[in-house]
Amino acid sequence: MLRMFTTINGQVEQISAPENGSWLSLADPTDVELATVAQETGVDLADLRAPLDDEERSRVDVEEDYTMIIVDIPTVEQRSGRDWYETIPLSIIITQNMIITVCMQDTPVLHPFMEGTIRGFNTFMRSRFILQILYRNATMYLRYLRIIDRETDKLELRLRHAMQNQEIIMLMELSKTLVYFTTSLKSNEIVMEKLMTLSRIKQYPEDEDLLEDVITENKQAIEMANIYSGVLSNMTDAFGSIVSNNLNNVMRIFTIISITLSIPTLIFSMYGMNFQDGMQGMPLSDSRWGFIVIIAISLVLSAIVTWFLTRSRLFK
């Protein structure tokens, strides 16, 4: 989808043809749209396609007629009726006359700019536009991290009551998401450091506070991602220990049952042999009440062994 915007009298308006100072937004573009933008702006088609690869790394490329900035942005993916978070590349291309953004999805990071709800946004002020996108991107990371933190708390309560494979898989997915977020945020930080040293992009004095806010928000997002990642890692270890402890308790019970049942099994196996008539040596074998007495003795011995094992320190 190709959409073009420009600022007219402080208001963001959508236009039908590119012009000086306009913003071209490409979201999940077709080959025709990419070719059209490449022809009208002079941007290499390969650079326009670069952010469409979800494995593309964050970087800054300085070409002869334009500068391309690629950063990782957070996104939400629906899987099995749940929201899962990951990162995708967003390209910001600055030419002499306009600015171009390319992404494989219609990302909510750019929606406020299209709706004109960002204070001080102007398509002509390209360096400020870049900082505003980066600031918006950092706040989106913080928002999703808070959502992940709440999901972690809910998952912890569920794991305390019932530990199923589904909950463990969710725990692994959240841990993987935080790893992706941390890696992407650190890559974006490097991009910002390099971006601010480029003399090609005009700097405005009033953007200094915005730059500080961008750096602060990005660092805060990195710290939050590290903290939540550590919490999830400790939670995983703790529940792993719980699973191991529960398994030990189950094996303890089965061991006690196995030892207890081995006593009557041993006794009955000896008395179950085929003896010749008149054979001596087996107690109570010729008694009328021998069978009942043997059962009683077996039950008493089993009870004594069970009592001893349940109080033994080896099975605590």
# chains A, B, ... in the order shown; residues from 1 in each chain; ligands from 1

$ residues_around --residues "A:Glu56" --least-positions-apart "4" --cutoff "9 Å" --atoms "only C-alpha atoms" --output "PDB file with all heavy atoms, in the first residue's frame"
ATOM      1  N   ALA A  50      14.848  -3.785   0.883  1.00  0.00           N
ATOM      2  CA  ALA A  50      15.629  -4.271   2.029  1.00  0.00           C
ATOM      3  C   ALA A  50      14.793  -4.517   3.278  1.00  0.00           C
ATOM      4  O   ALA A  50      14.899  -5.581   3.904  1.00  0.00           O
ATOM      5  CB  ALA A  50      16.772  -3.295   2.318  1.00  0.00           C
ATOM      6  N   PRO A  51      13.930  -3.579   3.708  1.00  0.00           N
ATOM      7  CA  PRO A  51      13.168  -3.823   4.949  1.00  0.00           C
ATOM      8  C   PRO A  51      12.065  -4.870   4.808  1.00  0.00           C
ATOM      9  O   PRO A  51      11.434  -5.223   5.804  1.00  0.00           O
ATOM     10  CB  PRO A  51      12.569  -2.444   5.258  1.00  0.00           C
ATOM     11  CG  PRO A  51      12.479  -1.766   3.951  1.00  0.00           C
ATOM     12  CD  PRO A  51      13.661  -2.230   3.168  1.00  0.00           C
ATOM     13  N   LEU A  52      11.828  -5.366   3.612  1.00  0.00           N
ATOM     14  CA  LEU A  52      10.817  -6.403   3.429  1.00  0.00           C
ATOM     15  C   LEU A  52      11.330  -7.778   3.842  1.00  0.00           C
ATOM     16  O   LEU A  52      10.572  -8.742   3.863  1.00  0.00           O
ATOM     17  CB  LEU A  52      10.355  -6.427   1.965  1.00  0.00           C
ATOM     18  CG  LEU A  52       9.776  -5.105   1.440  1.00  0.00           C
ATOM     19  CD1 LEU A  52       9.331  -5.266  -0.007  1.00  0.00           C
ATOM     20  CD2 LEU A  52       8.626  -4.629   2.312  1.00  0.00           C
ATOM     21  N   ILE A  70      17.580   1.946   8.784  1.00  0.00           N
ATOM     22  CA  ILE A  70      16.745   0.774   9.080  1.00  0.00           C
ATOM     23  C   ILE A  70      16.793   0.525  10.583  1.00  0.00           C
ATOM     24  O   ILE A  70      17.879   0.398  11.166  1.00  0.00           O
ATOM     25  CB  ILE A  70      17.218  -0.472   8.319  1.00  0.00           C
ATOM     26  CG1 ILE A  70      17.108  -0.255   6.809  1.00  0.00           C
ATOM     27  CG2 ILE A  70      16.386  -1.691   8.719  1.00  0.00           C
ATOM     28  CD1 ILE A  70      17.549  -1.446   5.978  1.00  0.00           C
ATOM     29  N   ASP A  72      14.565  -1.574  13.945  1.00  0.00           N
ATOM     30  CA  ASP A  72      13.611  -2.637  14.277  1.00  0.00           C
ATOM     31  C   ASP A  72      12.462  -2.048  15.086  1.00  0.00           C
ATOM     32  O   ASP A  72      12.685  -1.293  16.039  1.00  0.00           O
ATOM     33  CB  ASP A  72      14.289  -3.749  15.079  1.00  0.00           C
ATOM     34  CG  ASP A  72      15.199  -4.604  14.219  1.00  0.00           C
ATOM     35  OD1 ASP A  72      14.926  -4.717  13.015  1.00  0.00           O
ATOM     36  OD2 ASP A  72      16.188  -5.149  14.747  1.00  0.00           O
ATOM     37  N   ILE A  88      10.155  -6.332  13.511  1.00  0.00           N
ATOM     38  CA  ILE A  88      10.331  -6.312  12.062  1.00  0.00           C
ATOM     39  C   ILE A  88      11.083  -5.042  11.684  1.00  0.00           C
ATOM     40  O   ILE A  88      11.081  -4.058  12.434  1.00  0.00           O
ATOM     41  CB  ILE A  88       8.977  -6.374  11.319  1.00  0.00           C
ATOM     42  CG1 ILE A  88       8.085  -5.201  11.741  1.00  0.00           C
ATOM     43  CG2 ILE A  88       8.292  -7.703  11.562  1.00  0.00           C
ATOM     44  CD1 ILE A  88       6.790  -5.120  10.962  1.00  0.00           C
ATOM     45  N   PRO A  89      11.734  -5.012  10.513  1.00  0.00           N
ATOM     46  CA  PRO A  89      12.490  -3.812  10.109  1.00  0.00           C
ATOM     47  C   PRO A  89      11.569  -2.711   9.578  1.00  0.00           C
ATOM     48  O   PRO A  89      10.538  -2.978   8.962  1.00  0.00           O
ATOM     49  CB  PRO A  89      13.428  -4.329   9.010  1.00  0.00           C
ATOM     50  CG  PRO A  89      13.296  -5.812   9.006  1.00  0.00           C
ATOM     51  CD  PRO A  89      11.973  -6.141   9.616  1.00  0.00           C
TER      52      PRO A  89
END

$ residues_around --residues "A:Asp47" --least-positions-apart "5" --cutoff "9 Å" --atoms "only C-alpha atoms" --output "count of residues only"
3

$ closest_residue --among "A:Ser127, A:Ser244, A:Ser312, A:Thr265" --to "A:Thr67" --atoms "only C-alpha atoms"
A:Ser127

$ residues_around --residues "A:Asp28" --least-positions-apart "4" --cutoff "9 Å" --atoms "only C-alpha atoms" --output "NGL selection string"
:A and (1-2 or 52 or 102-106)

$ closest_atom_pairs --of "stretch 64-137 of chain A" --to "stretch 5-26 of chain A" --cutoff "12 Å" --atoms "only C-alpha atoms" --output "tab-separated table"
residue	atom	partner	partner_atom	distance
A:Leu90	CA	A:Leu26	CA	10.1
A:Ser91	CA	A:Leu26	CA	9.6
A:Ile92	CA	A:Ser25	CA	9.5
A:Ile93	CA	A:Leu24	CA	9.6
A:Ile94	CA	A:Trp23	CA	9.6
A:Thr95	CA	A:Gly21	CA	9.7
A:Gln96	CA	A:Asn20	CA	8.7
A:Asn97	CA	A:Asn20	CA	4.9
A:Met98	CA	A:Gly21	CA	4.8
A:Ile99	CA	A:Trp23	CA	5.0
A:Ile100	CA	A:Leu24	CA	4.7
A:Thr101	CA	A:Ser25	CA	5.0
A:Val102	CA	A:Leu26	CA	4.7
A:Cys103	CA	A:Leu26	CA	6.3
A:Met104	CA	A:Leu26	CA	8.2
A:Gln105	CA	A:Leu26	CA	8.8
A:Asp106	CA	A:Leu26	CA	8.3
A:Thr107	CA	A:Leu26	CA	10.4
A:Val109	CA	A:Ser25	CA	12.0
A:Leu110	CA	A:Ser25	CA	8.9
A:His111	CA	A:Ser25	CA	10.5
A:Pro112	CA	A:Val12	CA	10.4
A:Phe113	CA	A:Val12	CA	7.9
A:Met114	CA	A:Val12	CA	6.9
A:Glu115	CA	A:Val12	CA	7.1
A:Gly116	CA	A:Val12	CA	5.3
A:Thr117	CA	A:Val12	CA	9.1
A:Ile118	CA	A:Val12	CA	9.9
A:Arg119	CA	A:Gly10	CA	9.8
A:Gly120	CA	A:Gly10	CA	8.4
A:Phe121	CA	A:Gly10	CA	8.1
A:Asn122	CA	A:Thr7	CA	5.8
A:Thr123	CA	A:Thr7	CA	5.8
A:Phe124	CA	A:Gly21	CA	4.6
A:Met125	CA	A:Gly21	CA	8.1
A:Arg126	CA	A:Gly21	CA	8.4
A:Phe129	CA	A:Trp23	CA	9.9
A:Ile130	CA	A:Trp23	CA	11.6

$ atom_distance --atom1 "atom CA of A:Trp289" --atom2 "atom CA of A:Val305"
24.5 Å

$ select_by_dssp --residues "stretch 15-195 of chain A" --states "strand (DSSP E)" --output "ChimeraX atom specification"
/A:15,23-27,59-62,67-79,82-94,99-103
